[in-house]
>>> print(open('start-v8.cif').read())   # mmCIF, C-alpha atoms and all ligand atoms
data_my_file
#
loop_
_atom_site.group_PDB
_atom_site.id
_atom_site.type_symbol
_atom_site.label_atom_id
_atom_site.label_comp_id
_atom_site.auth_asym_id
_atom_site.auth_seq_id
_atom_site.Cartn_x
_atom_site.Cartn_y
_atom_site.Cartn_z
ATOM 1 C CA MET A 1 55.816 187.369 170.972
ATOM 2 C CA SER A 2 53.223 184.724 170.253
ATOM 3 C CA SER A 3 50.370 184.159 172.616
ATOM 4 C CA MET A 4 51.814 180.738 173.305
ATOM 5 C CA LYS A 5 55.097 182.283 174.386
ATOM 6 C CA ARG A 6 53.287 184.860 176.502
ATOM 7 C CA LEU A 7 51.456 182.040 178.224
ATOM 8 C CA GLY A 8 54.723 180.250 178.771
ATOM 9 C CA LEU A 9 56.325 183.327 180.260
ATOM 10 C CA GLY A 10 53.293 183.900 182.488
ATOM 11 C CA LEU A 11 53.612 180.383 183.754
ATOM 12 C CA ALA A 12 57.286 180.834 184.337
ATOM 13 C CA LEU A 13 56.587 184.000 186.288
ATOM 14 C CA ALA A 14 53.868 182.323 188.326
ATOM 15 C CA LEU A 15 56.002 179.312 189.065
ATOM 16 C CA SER A 16 59.105 181.251 189.918
ATOM 17 C CA VAL A 17 57.225 183.657 192.136
ATOM 18 C CA VAL A 18 56.076 180.775 194.303
ATOM 19 C CA GLY A 19 59.632 180.054 195.182
ATOM 20 C CA CYS A 20 60.664 183.680 195.308
ATOM 21 C CA GLY A 21 62.317 184.742 198.503
ATOM 22 C CA ASP A 22 62.151 181.179 199.627
ATOM 23 C CA GLY A 23 61.838 182.118 203.257
ATOM 24 C CA ALA A 24 64.249 184.967 202.913
ATOM 25 C CA GLY A 25 61.706 187.371 204.259
ATOM 26 C CA PRO A 26 60.004 190.455 202.896
ATOM 27 C CA PRO A 27 61.620 192.861 200.476
ATOM 28 C CA ASP A 28 64.069 195.161 202.067
ATOM 29 C CA GLY A 29 63.073 198.412 200.524
ATOM 30 C CA GLY A 30 60.414 198.048 197.904
ATOM 31 C CA ALA A 31 62.426 200.029 195.435
ATOM 32 C CA GLU A 32 60.645 198.321 192.579
ATOM 33 C CA GLU A 33 57.175 199.486 191.671
ATOM 34 C CA ARG A 34 54.830 196.607 191.377
ATOM 35 C CA ASP A 35 52.183 196.193 188.759
ATOM 36 C CA GLY A 36 49.540 194.946 191.122
ATOM 37 C CA GLY A 37 48.762 191.461 189.963
ATOM 38 C CA GLY A 38 46.595 189.997 187.291
ATOM 39 C CA ASP A 39 49.681 188.253 185.981
ATOM 40 C CA GLY A 40 50.027 185.854 188.820
ATOM 41 C CA THR A 41 52.664 187.799 190.688
ATOM 42 C CA ARG A 42 52.332 188.609 194.331
ATOM 43 C CA ASP A 43 51.160 191.968 195.478
ATOM 44 C CA ALA A 44 54.264 192.588 197.471
ATOM 45 C CA GLY A 45 57.014 191.925 194.944
ATOM 46 C CA PRO A 46 60.502 191.644 196.261
ATOM 47 C CA ALA A 47 63.360 193.901 195.254
ATOM 48 C CA GLN A 48 65.901 191.204 195.945
ATOM 49 C CA CYS A 49 65.783 187.662 194.786
ATOM 50 C CA ARG A 50 67.740 184.619 195.673
ATOM 51 C CA THR A 51 70.709 183.529 193.591
ATOM 52 C CA GLY A 52 69.643 182.354 190.163
ATOM 53 C CA GLN A 53 66.622 184.648 190.072
ATOM 54 C CA HIS A 54 65.956 188.276 189.329
ATOM 55 C CA VAL A 55 63.143 190.807 189.533
ATOM 56 C CA CYS A 56 60.703 190.808 186.702
ATOM 57 C CA GLY A 57 57.124 192.068 186.615
ATOM 58 C CA GLY A 58 57.204 192.743 190.333
ATOM 59 C CA GLY A 59 58.285 189.240 191.228
ATOM 60 C CA CYS A 60 61.281 187.001 191.104
ATOM 61 C CA VAL A 61 61.843 184.858 188.052
ATOM 62 C CA ASP A 62 64.520 182.403 187.188
ATOM 63 C CA ASP A 63 67.502 183.880 185.397
ATOM 64 C CA LEU A 64 67.345 183.450 181.630
ATOM 65 C CA PRO A 65 70.073 182.405 179.198
ATOM 66 C CA ASN A 66 72.417 185.375 178.825
ATOM 67 C CA GLU A 67 71.377 186.038 175.238
ATOM 68 C CA PRO A 68 70.028 189.202 173.571
ATOM 69 C CA GLU A 69 67.114 187.277 172.090
ATOM 70 C CA ASN A 70 65.479 187.022 175.517
ATOM 71 C CA GLY A 71 66.716 190.275 176.983
ATOM 72 C CA CYS A 72 69.781 188.658 178.579
ATOM 73 C CA ARG A 73 70.037 186.888 181.919
ATOM 74 C CA THR A 74 68.183 189.545 183.906
ATOM 75 C CA GLY A 75 65.621 190.338 181.202
ATOM 76 C CA CYS A 76 61.942 189.490 181.143
ATOM 77 C CA GLY A 77 61.870 187.517 177.894
ATOM 78 C CA GLU A 78 61.693 190.407 175.430
ATOM 79 C CA ALA A 79 64.614 190.780 173.014
ATOM 80 C CA CYS A 80 67.018 193.660 173.594
ATOM 81 C CA ASP A 81 66.291 196.786 171.530
ATOM 82 C CA VAL A 82 68.528 197.090 168.444
ATOM 83 C CA PRO A 83 68.658 200.454 166.657
ATOM 84 C CA THR A 84 69.819 200.812 163.045
ATOM 85 C CA GLY A 85 73.476 199.892 162.790
ATOM 86 C CA GLY A 86 73.432 198.430 166.255
ATOM 87 C CA VAL A 87 74.297 195.047 167.636
ATOM 88 C CA ALA A 88 72.750 193.797 170.853
ATOM 89 C CA THR A 89 74.942 191.911 173.248
ATOM 90 C CA CYS A 90 74.708 190.908 176.902
ATOM 91 C CA ASP A 91 77.126 192.291 179.449
ATOM 92 C CA ALA A 92 78.693 190.351 182.290
ATOM 93 C CA ASP A 93 75.938 191.480 184.647
ATOM 94 C CA GLY A 94 73.315 189.905 182.420
ATOM 95 C CA ALA A 95 71.875 193.144 181.066
ATOM 96 C CA CYS A 96 71.403 194.283 177.471
ATOM 97 C CA ALA A 97 74.367 196.183 176.057
ATOM 98 C CA LEU A 98 74.545 198.071 172.787
ATOM 99 C CA GLY A 99 77.358 197.870 170.283
ATOM 100 C CA CYS A 100 77.532 199.278 166.754
ATOM 101 C CA GLU A 101 78.673 197.708 163.531
ATOM 102 C CA ARG A 102 81.040 199.666 161.293
ATOM 103 C CA PRO A 103 80.521 202.211 159.828
ATOM 104 C CA PHE A 104 78.216 202.965 162.756
ATOM 105 C CA VAL A 105 79.808 204.175 165.973
ATOM 106 C CA LEU A 106 78.307 204.549 169.408
ATOM 107 C CA ILE A 107 77.673 208.180 170.328
ATOM 108 C CA ASP A 108 75.539 209.110 173.349
ATOM 109 C CA GLY A 109 73.924 205.707 173.413
ATOM 110 C CA THR A 110 72.938 205.568 169.755
ATOM 111 C CA CYS A 111 74.626 204.238 166.654
ATOM 112 C CA VAL A 112 75.675 207.029 164.296
ATOM 113 C CA CYS A 113 76.996 206.365 160.760
ATOM 114 C CA GLU A 114 80.604 207.515 160.455
ATOM 115 C CA PRO A 115 81.599 207.882 156.761
ATOM 116 C CA ARG A 116 84.609 205.851 155.672
ATOM 117 C CA THR A 117 87.424 207.370 153.651
ATOM 118 C CA CYS A 118 89.170 206.140 150.498
ATOM 119 C CA SER A 119 92.065 205.220 152.753
ATOM 120 C CA ASP A 120 89.798 203.229 155.071
ATOM 121 C CA LEU A 121 88.535 201.279 152.074
ATOM 122 C CA GLY A 122 91.987 200.871 150.536
ATOM 123 C CA ALA A 123 90.655 202.486 147.335
ATOM 124 C CA GLU A 124 93.062 204.346 145.063
ATOM 125 C CA CYS A 125 90.443 205.141 142.438
ATOM 126 C CA GLY A 126 86.742 205.125 141.731
ATOM 127 C CA ALA A 127 83.727 206.254 143.693
ATOM 128 C CA PRO A 128 82.935 203.622 146.302
ATOM 129 C CA ASP A 129 80.168 204.167 148.828
ATOM 130 C CA ASP A 130 81.354 205.758 152.049
ATOM 131 C CA GLY A 131 79.266 203.284 153.996
ATOM 132 C CA CYS A 132 76.587 205.851 154.771
ATOM 133 C CA GLY A 133 75.060 206.090 151.309
ATOM 134 C CA SER A 134 77.261 208.731 149.684
ATOM 135 C CA PRO A 135 79.877 208.137 146.962
ATOM 136 C CA LEU A 136 83.504 209.016 147.622
ATOM 137 C CA ASP A 137 85.884 210.524 145.066
ATOM 138 C CA CYS A 138 89.003 208.367 145.195
ATOM 139 C CA GLY A 139 90.496 209.627 141.942
ATOM 140 C CA SER A 140 91.068 208.143 138.504
ATOM 141 C CA CYS A 141 93.735 206.005 136.831
ATOM 142 C CA SER A 142 96.286 207.072 134.235
ATOM 143 C CA GLY A 143 98.357 205.399 131.516
ATOM 144 C CA GLY A 144 95.484 203.466 130.033
ATOM 145 C CA ALA A 145 94.754 201.719 133.329
ATOM 146 C CA VAL A 146 91.211 201.200 134.511
ATOM 147 C CA CYS A 147 89.801 201.160 138.018
ATOM 148 C CA LEU A 148 89.008 197.619 139.101
ATOM 149 C CA MET A 149 87.675 197.079 142.619
ATOM 150 C CA GLY A 150 89.342 200.250 143.869
ATOM 151 C CA SER A 151 92.727 199.574 142.299
ATOM 152 C CA CYS A 152 94.210 200.819 139.037
ATOM 153 C CA GLY A 153 95.064 197.986 136.694
ATOM 154 C CA CYS A 154 95.277 196.967 133.057
ATOM 155 C CA MET A 155 92.405 195.321 131.257
ATOM 156 C CA PRO A 156 93.410 191.848 130.041
ATOM 157 C CA ASP A 157 93.499 191.556 126.235
ATOM 158 C CA ASP A 158 90.926 189.606 124.264
ATOM 159 C CA GLN A 159 93.046 186.438 124.117
ATOM 160 C CA GLU A 160 93.176 185.980 127.864
ATOM 161 C CA PRO A 161 93.510 183.663 129.582
ATOM 162 C CA ASN A 162 96.373 182.159 127.555
ATOM 163 C CA GLU A 163 98.926 181.470 130.247
ATOM 164 C CA ARG A 164 99.789 177.959 129.176
ATOM 165 C CA ARG A 165 100.378 176.379 125.795
ATOM 166 C CA SER A 166 98.506 173.263 126.840
ATOM 167 C CA THR A 167 95.277 175.128 127.414
ATOM 168 C CA LEU A 168 95.112 176.919 124.060
ATOM 169 C CA THR A 169 91.850 175.917 122.460
ATOM 170 C CA SER A 170 92.338 177.354 118.984
ATOM 171 C CA SER A 171 94.793 178.963 116.587
ATOM 172 C CA VAL A 172 94.906 182.708 116.138
ATOM 173 C CA GLY A 173 96.138 182.388 112.560
ATOM 174 C CA GLY A 174 98.412 180.563 110.180
ATOM 175 C CA GLY A 175 98.766 179.347 106.632
ATOM 176 C CA ALA A 176 101.263 178.307 103.968
ATOM 177 C CA GLU A 177 104.199 180.190 102.500
ATOM 178 C CA GLY A 178 103.201 183.766 101.766
ATOM 179 C CA TRP A 179 100.980 184.117 104.806
ATOM 180 C CA SER A 180 101.672 186.986 107.215
ATOM 181 C CA MET A 181 99.781 188.916 109.854
ATOM 182 C CA VAL A 182 100.348 191.767 112.293
ATOM 183 C CA TYR A 183 98.712 191.759 115.742
ATOM 184 C CA PRO A 184 98.838 195.212 117.337
ATOM 185 C CA ASP A 185 96.362 194.883 120.223
ATOM 186 C CA TRP A 186 97.620 192.252 122.638
ATOM 187 C CA SER A 187 99.311 193.254 125.864
ATOM 188 C CA LEU A 188 100.908 192.088 129.084
ATOM 189 C CA HIS A 189 98.454 193.329 131.703
ATOM 190 C CA ASP A 190 100.689 192.573 134.686
ATOM 191 C CA ALA A 191 104.156 191.292 135.527
ATOM 192 C CA ASP A 192 102.964 187.694 135.645
ATOM 193 C CA ASP A 193 101.046 187.746 132.397
ATOM 194 C CA GLU A 194 102.267 185.091 129.963
ATOM 195 C CA ASP A 195 100.850 185.109 126.460
ATOM 196 C CA TRP A 196 100.853 181.987 124.322
ATOM 197 C CA TYR A 197 99.576 181.879 120.737
ATOM 198 C CA ARG A 198 99.147 179.043 118.292
ATOM 199 C CA PHE A 199 99.489 179.198 114.506
ATOM 200 C CA ASP A 200 98.813 176.347 112.102
ATOM 201 C CA VAL A 201 101.499 176.126 109.440
ATOM 202 C CA THR A 202 101.040 174.320 106.158
ATOM 203 C CA ASP A 203 103.926 173.286 103.948
ATOM 204 C CA GLY A 204 102.699 174.432 100.556
ATOM 205 C CA GLY A 205 105.694 172.964 98.796
ATOM 206 C CA PHE A 206 106.963 176.338 97.571
ATOM 207 C CA ASN A 207 110.460 177.674 98.222
ATOM 208 C CA GLY A 208 111.520 174.587 100.126
ATOM 209 C CA ASN A 209 110.450 174.279 103.743
ATOM 210 C CA PRO A 210 108.429 177.069 105.399
ATOM 211 C CA ALA A 211 110.617 179.676 107.096
ATOM 212 C CA ILE A 212 108.903 181.579 109.874
ATOM 213 C CA THR A 213 109.837 185.070 111.040
ATOM 214 C CA VAL A 214 108.251 186.462 114.215
ATOM 215 C CA THR A 215 108.859 190.002 115.431
ATOM 216 C CA LEU A 216 107.919 191.530 118.777
ATOM 217 C CA ASP A 217 108.091 195.316 118.855
ATOM 218 C CA ARG A 218 106.375 198.374 120.329
ATOM 219 C CA ILE A 219 107.477 197.199 123.754
ATOM 220 C CA PRO A 220 106.224 199.874 126.186
ATOM 221 C CA THR A 221 108.694 202.334 127.642
ATOM 222 C CA GLY A 222 110.130 201.090 130.907
ATOM 223 C CA SER A 223 109.523 197.444 130.070
ATOM 224 C CA ASP A 224 111.579 194.573 128.665
ATOM 225 C CA TYR A 225 109.501 191.870 127.013
ATOM 226 C CA THR A 226 110.774 188.522 125.805
ATOM 227 C CA LEU A 227 109.818 186.617 122.649
ATOM 228 C CA ALA A 228 110.039 182.849 122.285
ATOM 229 C CA ILE A 229 108.885 180.665 119.364
ATOM 230 C CA TYR A 230 108.573 176.899 118.947
ATOM 231 C CA TYR A 231 107.696 174.581 116.087
ATOM 232 C CA VAL A 232 106.090 171.169 116.516
ATOM 233 C CA CYS A 233 105.951 168.982 113.408
ATOM 234 C CA ASP A 234 102.663 167.186 112.813
ATOM 235 C CA SER A 235 104.604 164.054 111.879
ATOM 236 C CA GLY A 236 107.077 164.239 114.761
ATOM 237 C CA GLY A 237 110.790 164.266 113.973
ATOM 238 C CA ASP A 238 111.312 167.867 115.049
ATOM 239 C CA ASP A 239 114.528 169.078 113.507
ATOM 240 C CA SER A 240 113.798 172.759 112.958
ATOM 241 C CA THR A 241 116.481 175.378 113.556
ATOM 242 C CA CYS A 242 116.001 178.751 115.168
ATOM 243 C CA ASN A 243 118.391 181.713 115.414
ATOM 244 C CA GLY A 244 117.927 182.675 119.089
ATOM 245 C CA MET A 245 118.887 180.908 122.335
ATOM 246 C CA THR A 246 117.941 177.284 121.731
ATOM 247 C CA ASP A 247 114.987 175.993 123.726
ATOM 248 C CA ASN A 248 113.641 172.629 122.665
ATOM 249 C CA SER A 249 111.214 172.243 125.561
ATOM 250 C CA VAL A 250 108.426 172.389 122.991
ATOM 251 C CA GLY A 251 109.360 170.799 119.651
ATOM 252 C CA HIS A 252 112.291 172.845 118.452
ATOM 253 C CA GLY A 253 112.514 176.527 119.203
ATOM 254 C CA CYS A 254 114.404 179.443 120.639
ATOM 255 C CA ILE A 255 114.199 182.549 122.803
ATOM 256 C CA ALA A 256 115.267 186.104 122.057
ATOM 257 C CA GLY A 257 116.841 188.070 124.873
ATOM 258 C CA LEU A 258 117.485 191.644 123.886
ATOM 259 C CA SER A 259 117.239 194.248 126.624
ATOM 260 C CA GLY A 260 114.801 197.062 127.208
ATOM 261 C CA THR A 261 112.374 198.116 124.542
ATOM 262 C CA THR A 262 114.583 196.774 121.731
ATOM 263 C CA SER A 263 112.427 194.850 119.300
ATOM 264 C CA GLU A 264 113.066 191.123 119.026
ATOM 265 C CA THR A 265 112.979 189.076 115.835
ATOM 266 C CA LEU A 266 113.372 185.315 115.558
ATOM 267 C CA LEU A 267 113.721 183.235 112.399
ATOM 268 C CA LEU A 268 112.796 179.570 112.443
ATOM 269 C CA GLU A 269 113.530 177.211 109.536
ATOM 270 C CA THR A 270 111.100 174.314 109.719
ATOM 271 C CA GLU A 271 112.460 170.808 109.338
ATOM 272 C CA CYS A 272 110.601 167.612 110.076
ATOM 273 C CA SER A 273 112.886 164.619 109.642
ATOM 274 C CA GLY A 274 111.676 161.534 107.883
ATOM 275 C CA THR A 275 109.177 163.341 105.657
ATOM 276 C CA ILE A 276 109.000 165.960 102.950
ATOM 277 C CA ASP A 277 105.911 167.464 104.596
ATOM 278 C CA GLU A 278 106.766 170.169 107.141
ATOM 279 C CA ASP A 279 103.180 170.790 108.283
ATOM 280 C CA GLY A 280 103.121 171.702 111.936
ATOM 281 C CA THR A 281 102.193 174.094 114.677
ATOM 282 C CA LEU A 282 103.992 177.314 115.571
ATOM 283 C CA TYR A 283 103.784 178.435 119.196
ATOM 284 C CA VAL A 284 104.677 181.995 120.156
ATOM 285 C CA ARG A 285 105.187 183.161 123.716
ATOM 286 C CA VAL A 286 105.488 186.712 125.034
ATOM 287 C CA THR A 287 106.529 187.356 128.627
ATOM 288 C CA SER A 288 108.191 190.188 130.509
ATOM 289 C CA ALA A 289 111.698 190.262 131.950
ATOM 290 C CA THR A 290 110.698 193.660 133.322
ATOM 291 C CA TRP A 291 107.116 194.832 133.428
ATOM 292 C CA GLY A 292 107.072 198.614 133.656
ATOM 293 C CA GLY A 293 103.410 199.004 134.598
ATOM 294 C CA SER A 294 102.181 200.093 131.176
ATOM 295 C CA CYS A 295 98.882 198.822 129.828
ATOM 296 C CA GLU A 296 99.929 199.669 126.276
ATOM 297 C CA PRO A 297 99.908 196.786 123.785
ATOM 298 C CA TYR A 298 102.954 195.257 122.149
ATOM 299 C CA ARG A 299 102.954 194.374 118.457
ATOM 300 C CA LEU A 300 103.455 190.887 117.137
ATOM 301 C CA SER A 301 104.178 190.143 113.454
ATOM 302 C CA VAL A 302 104.253 186.650 111.985
ATOM 303 C CA ASP A 303 105.500 185.923 108.508
ATOM 304 C CA ILE A 304 105.695 182.568 106.728
ATOM 305 C CA GLU A 305 107.894 182.322 103.617
HETATM 306 CA CA CA A 401 98.080 189.212 127.584
HETATM 307 CA CA CA A 402 98.169 185.839 129.147
HETATM 308 CA CA CA A 403 113.611 191.822 125.536
#
>>> encode(input="start-v8.cif", output="structure tokens")
Amino acid sequence: MSSMKRLGLGLALALSVVGCGDGAGPPDGGAEERDGGGDGTRDAGPAQCRTGQHVCGGGCVDDLPNEPENGCRTGCGEACDVPTGGVATCDADGACALGCERPFVLIDGTCVCEPRTCSDLGAECGAPDDGCGSPLDCGSCSGGAVCLMGSCGCMPDDQEPNERRSTLTSSVGGGAEGWSMVYPDWSLHDADDEDWYRFDVTDGGFNGNPAITVTLDRIPTGSDYTLAIYYVCDSGGDDSTCNGMTDNSVGHGCIAGLSGTTSETLLLETECSGTIDEDGTLYVRVTSATWGGSCEPYRLSVDIE
């Protein structure tokens, strides 16, 4: 407490003592030891004070705001003691009361750290702190999953996020007739994962219009993934044909729909009406009809002939 505050408190004591008792007569028992003066209090401090006052330093002082910072309503201006892990509060009688913040619990008037369990923390893996400075052993993850914030999950692949066609910022591949590529490392990391890829296709003028074959295989056991492909002509006039369930929501395209882990292959014959140039963009989408919880990658193959 600053000297200024001490002075202020001394004044408050002196002032309040003047009014103390207020004609109510001498103390009725002298249960309180008095400190003998020097602080402005009377020699014969009262043990009972009128309403709105309380005993402090051998005299009566005005009640304080019922806040721990000043020792509560019946305190003498000093903050309530707060041990490690503790929280000071004021009780209804205006006195300091001690509570404890988790993981501390109140035992015999002190706050004792009570270690938390994996269950308390909702952790199914990893080694989180038990709250008292020691690591817990909450187990490990299987099936290629990793422990993220106490839960087992799949690491997103290196193309994420690619949930929407409109937000793709670049192509992952592409070329003219004769170009092909196999992508073995991308995955669906959860049931809601939606993977979009963009390929730039050039009509090289060989073999007629570019024909595009896309295959999705190595679908993890227990899952059913779905392949969809779309072609958007640079010049407009989308007239391409595709051998799956027709879906022209993006240019012209189609969706495969085989069940389970059966691989899916779609063939798209590019056709851009009004031009002999079939340059365009191929979009490929992989989603899950059933996501079986595997982090294993699928395999995508793209072939332009
Ligand atoms: Ca993905
Ligand atoms: Ca994705
Ligand atoms: Ca399927």
>>> closest_residue(input="start-v8.cif", among="A:Asp130, A:Asp81, A:Glu160, A:Asp137", to="ligand CA 402 (chain A)", atoms="all atoms listed in the file")
A:Glu160
>>> closest_atom_pairs(input="start-v8.cif", of="chain A", to="ligand CA 403 (chain A)", cutoff="9 Å", atoms="all atoms listed in the file", output="JSON lines")
{"residue": "A:Leu216", "atom": "CA", "partner": "A:CA403", "partner_atom": "CA", "distance": 8.8}
{"residue": "A:Ile219", "atom": "CA", "partner": "A:CA403", "partner_atom": "CA", "distance": 8.3}
{"residue": "A:Ser223", "atom": "CA", "partner": "A:CA403", "partner_atom": "CA", "distance": 8.3}
{"residue": "A:Asp224", "atom": "CA", "partner": "A:CA403", "partner_atom": "CA", "distance": 4.6}
{"residue": "A:Tyr225", "atom": "CA", "partner": "A:CA403", "partner_atom": "CA", "distance": 4.4}
{"residue": "A:Thr226", "atom": "CA", "partner": "A:CA403", "partner_atom": "CA", "distance": 4.4}
{"residue": "A:Leu227", "atom": "CA", "partner": "A:CA403", "partner_atom": "CA", "distance": 7.1}
{"residue": "A:Ala256", "atom": "CA", "partner": "A:CA403", "partner_atom": "CA", "distance": 6.9}
{"residue": "A:Gly257", "atom": "CA", "partner": "A:CA403", "partner_atom": "CA", "distance": 5.0}
{"residue": "A:Leu258", "atom": "CA", "partner": "A:CA403", "partner_atom": "CA", "distance": 4.2}
{"residue": "A:Ser259", "atom": "CA", "partner": "A:CA403", "partner_atom": "CA", "distance": 4.5}
{"residue": "A:Gly260", "atom": "CA", "partner": "A:CA403", "partner_atom": "CA", "distance": 5.6}
{"residue": "A:Thr261", "atom": "CA", "partner": "A:CA403", "partner_atom": "CA", "distance": 6.5}
{"residue": "A:Thr262", "atom": "CA", "partner": "A:CA403", "partner_atom": "CA", "distance": 6.3}
{"residue": "A:Ser263", "atom": "CA", "partner": "A:CA403", "partner_atom": "CA", "distance": 7.0}
{"residue": "A:Glu264", "atom": "CA", "partner": "A:CA403", "partner_atom": "CA", "distance": 6.6}
{"residue": "A:Thr287", "atom": "CA", "partner": "A:CA403", "partner_atom": "CA", "distance": 8.9}
{"residue": "A:Ser288", "atom": "CA", "partner": "A:CA403", "partner_atom": "CA", "distance": 7.5}
{"residue": "A:Ala289", "atom": "CA", "partner": "A:CA403", "partner_atom": "CA", "distance": 6.9}
{"residue": "A:Thr290", "atom": "CA", "partner": "A:CA403", "partner_atom": "CA", "distance": 8.5}
>>> residues_around(input="start-v8.cif", residues="stretch 268-279 of chain A", least_positions_apart="2", cutoff="9 Å", atoms="all atoms listed in the file", output="ChimeraX atom specification")
/A:176,200-205,209-214,229-244,252-254,266,281
>>> closest_residue(input="start-v8.cif", among="A:Asp157, A:Glu114, A:Glu67, A:Asp247", to="ligand CA 402 (chain A)", atoms="only C-alpha atoms and all ligand atoms")
A:Asp157
>>> residues_near_ligand(input="start-v8.cif", ligand="ligand CA 401 (chain A)", cutoff="7 Å", atoms="all atoms listed in the file", output="PyMOL selection string")
chain A and resi 156-157+159-160+186-189+193-195
>>> closest_residue(input="start-v8.cif", among="A:Val172, A:Ala88, A:Cys132, A:Cys152", to="A:Asp190", atoms="only C-alpha atoms")
A:Cys152
>>> residues_around(input="start-v8.cif", residues="A:Cys56", least_positions_apart="3", cutoff="8 Å", atoms="all atoms listed in the file", output="ChimeraX atom specification")
/A:13,59-61,75-76
>>> write_last_selection(input="start-v8.cif", atoms="C-alpha atoms", output="tab-separated table (two decimals), keeping the file's coordinate frame")
chain	number	residue	atom	x	y	z
A	13	LEU	CA	56.59	184.00	186.29
A	59	GLY	CA	58.28	189.24	191.23
A	60	CYS	CA	61.28	187.00	191.10
A	61	VAL	CA	61.84	184.86	188.05
A	75	GLY	CA	65.62	190.34	181.20
A	76	CYS	CA	61.94	189.49	181.14
>>> resolve_selection(input="start-v8.cif", expression="the PyMOL selection byres (((chain A and resi 185) around 9) and not hetatm)", output="JSON, numbers by chain")
{"A": [157, 158, 183, 184, 186, 187, 296, 297, 298, 299, 300]}
>>> residues_around(input="start-v8.cif", residues="A:Tyr197", least_positions_apart="4", cutoff="9 Å", atoms="all atoms listed in the file", output="list in words")
Gln159, Asn162, Arg165, Leu168, Ser170, Ser171, Val172, Gly173, Leu282, Tyr283, Val284, Arg285 and Val286 of chain A
>>> atom_distance(input="start-v8.cif", atom1="atom CA of A:Met155", atom2="atom CA of A:Asp120")
25.2 Å
>>> atom_distance(input="start-v8.cif", atom1="atom CA of A:Cys80", atom2="atom CA of A:Gly52")
20.2 Å
>>> resolve_selection(input="start-v8.cif", expression="the PyMOL selection byres (((chain A and resi 144) around 9) and not hetatm)", output="list in words")
Cys141, Ser142, Gly143, Ala145, Val146, Gly153, Cys154, Met155, Ser294, Cys295 and Glu296 of chain A
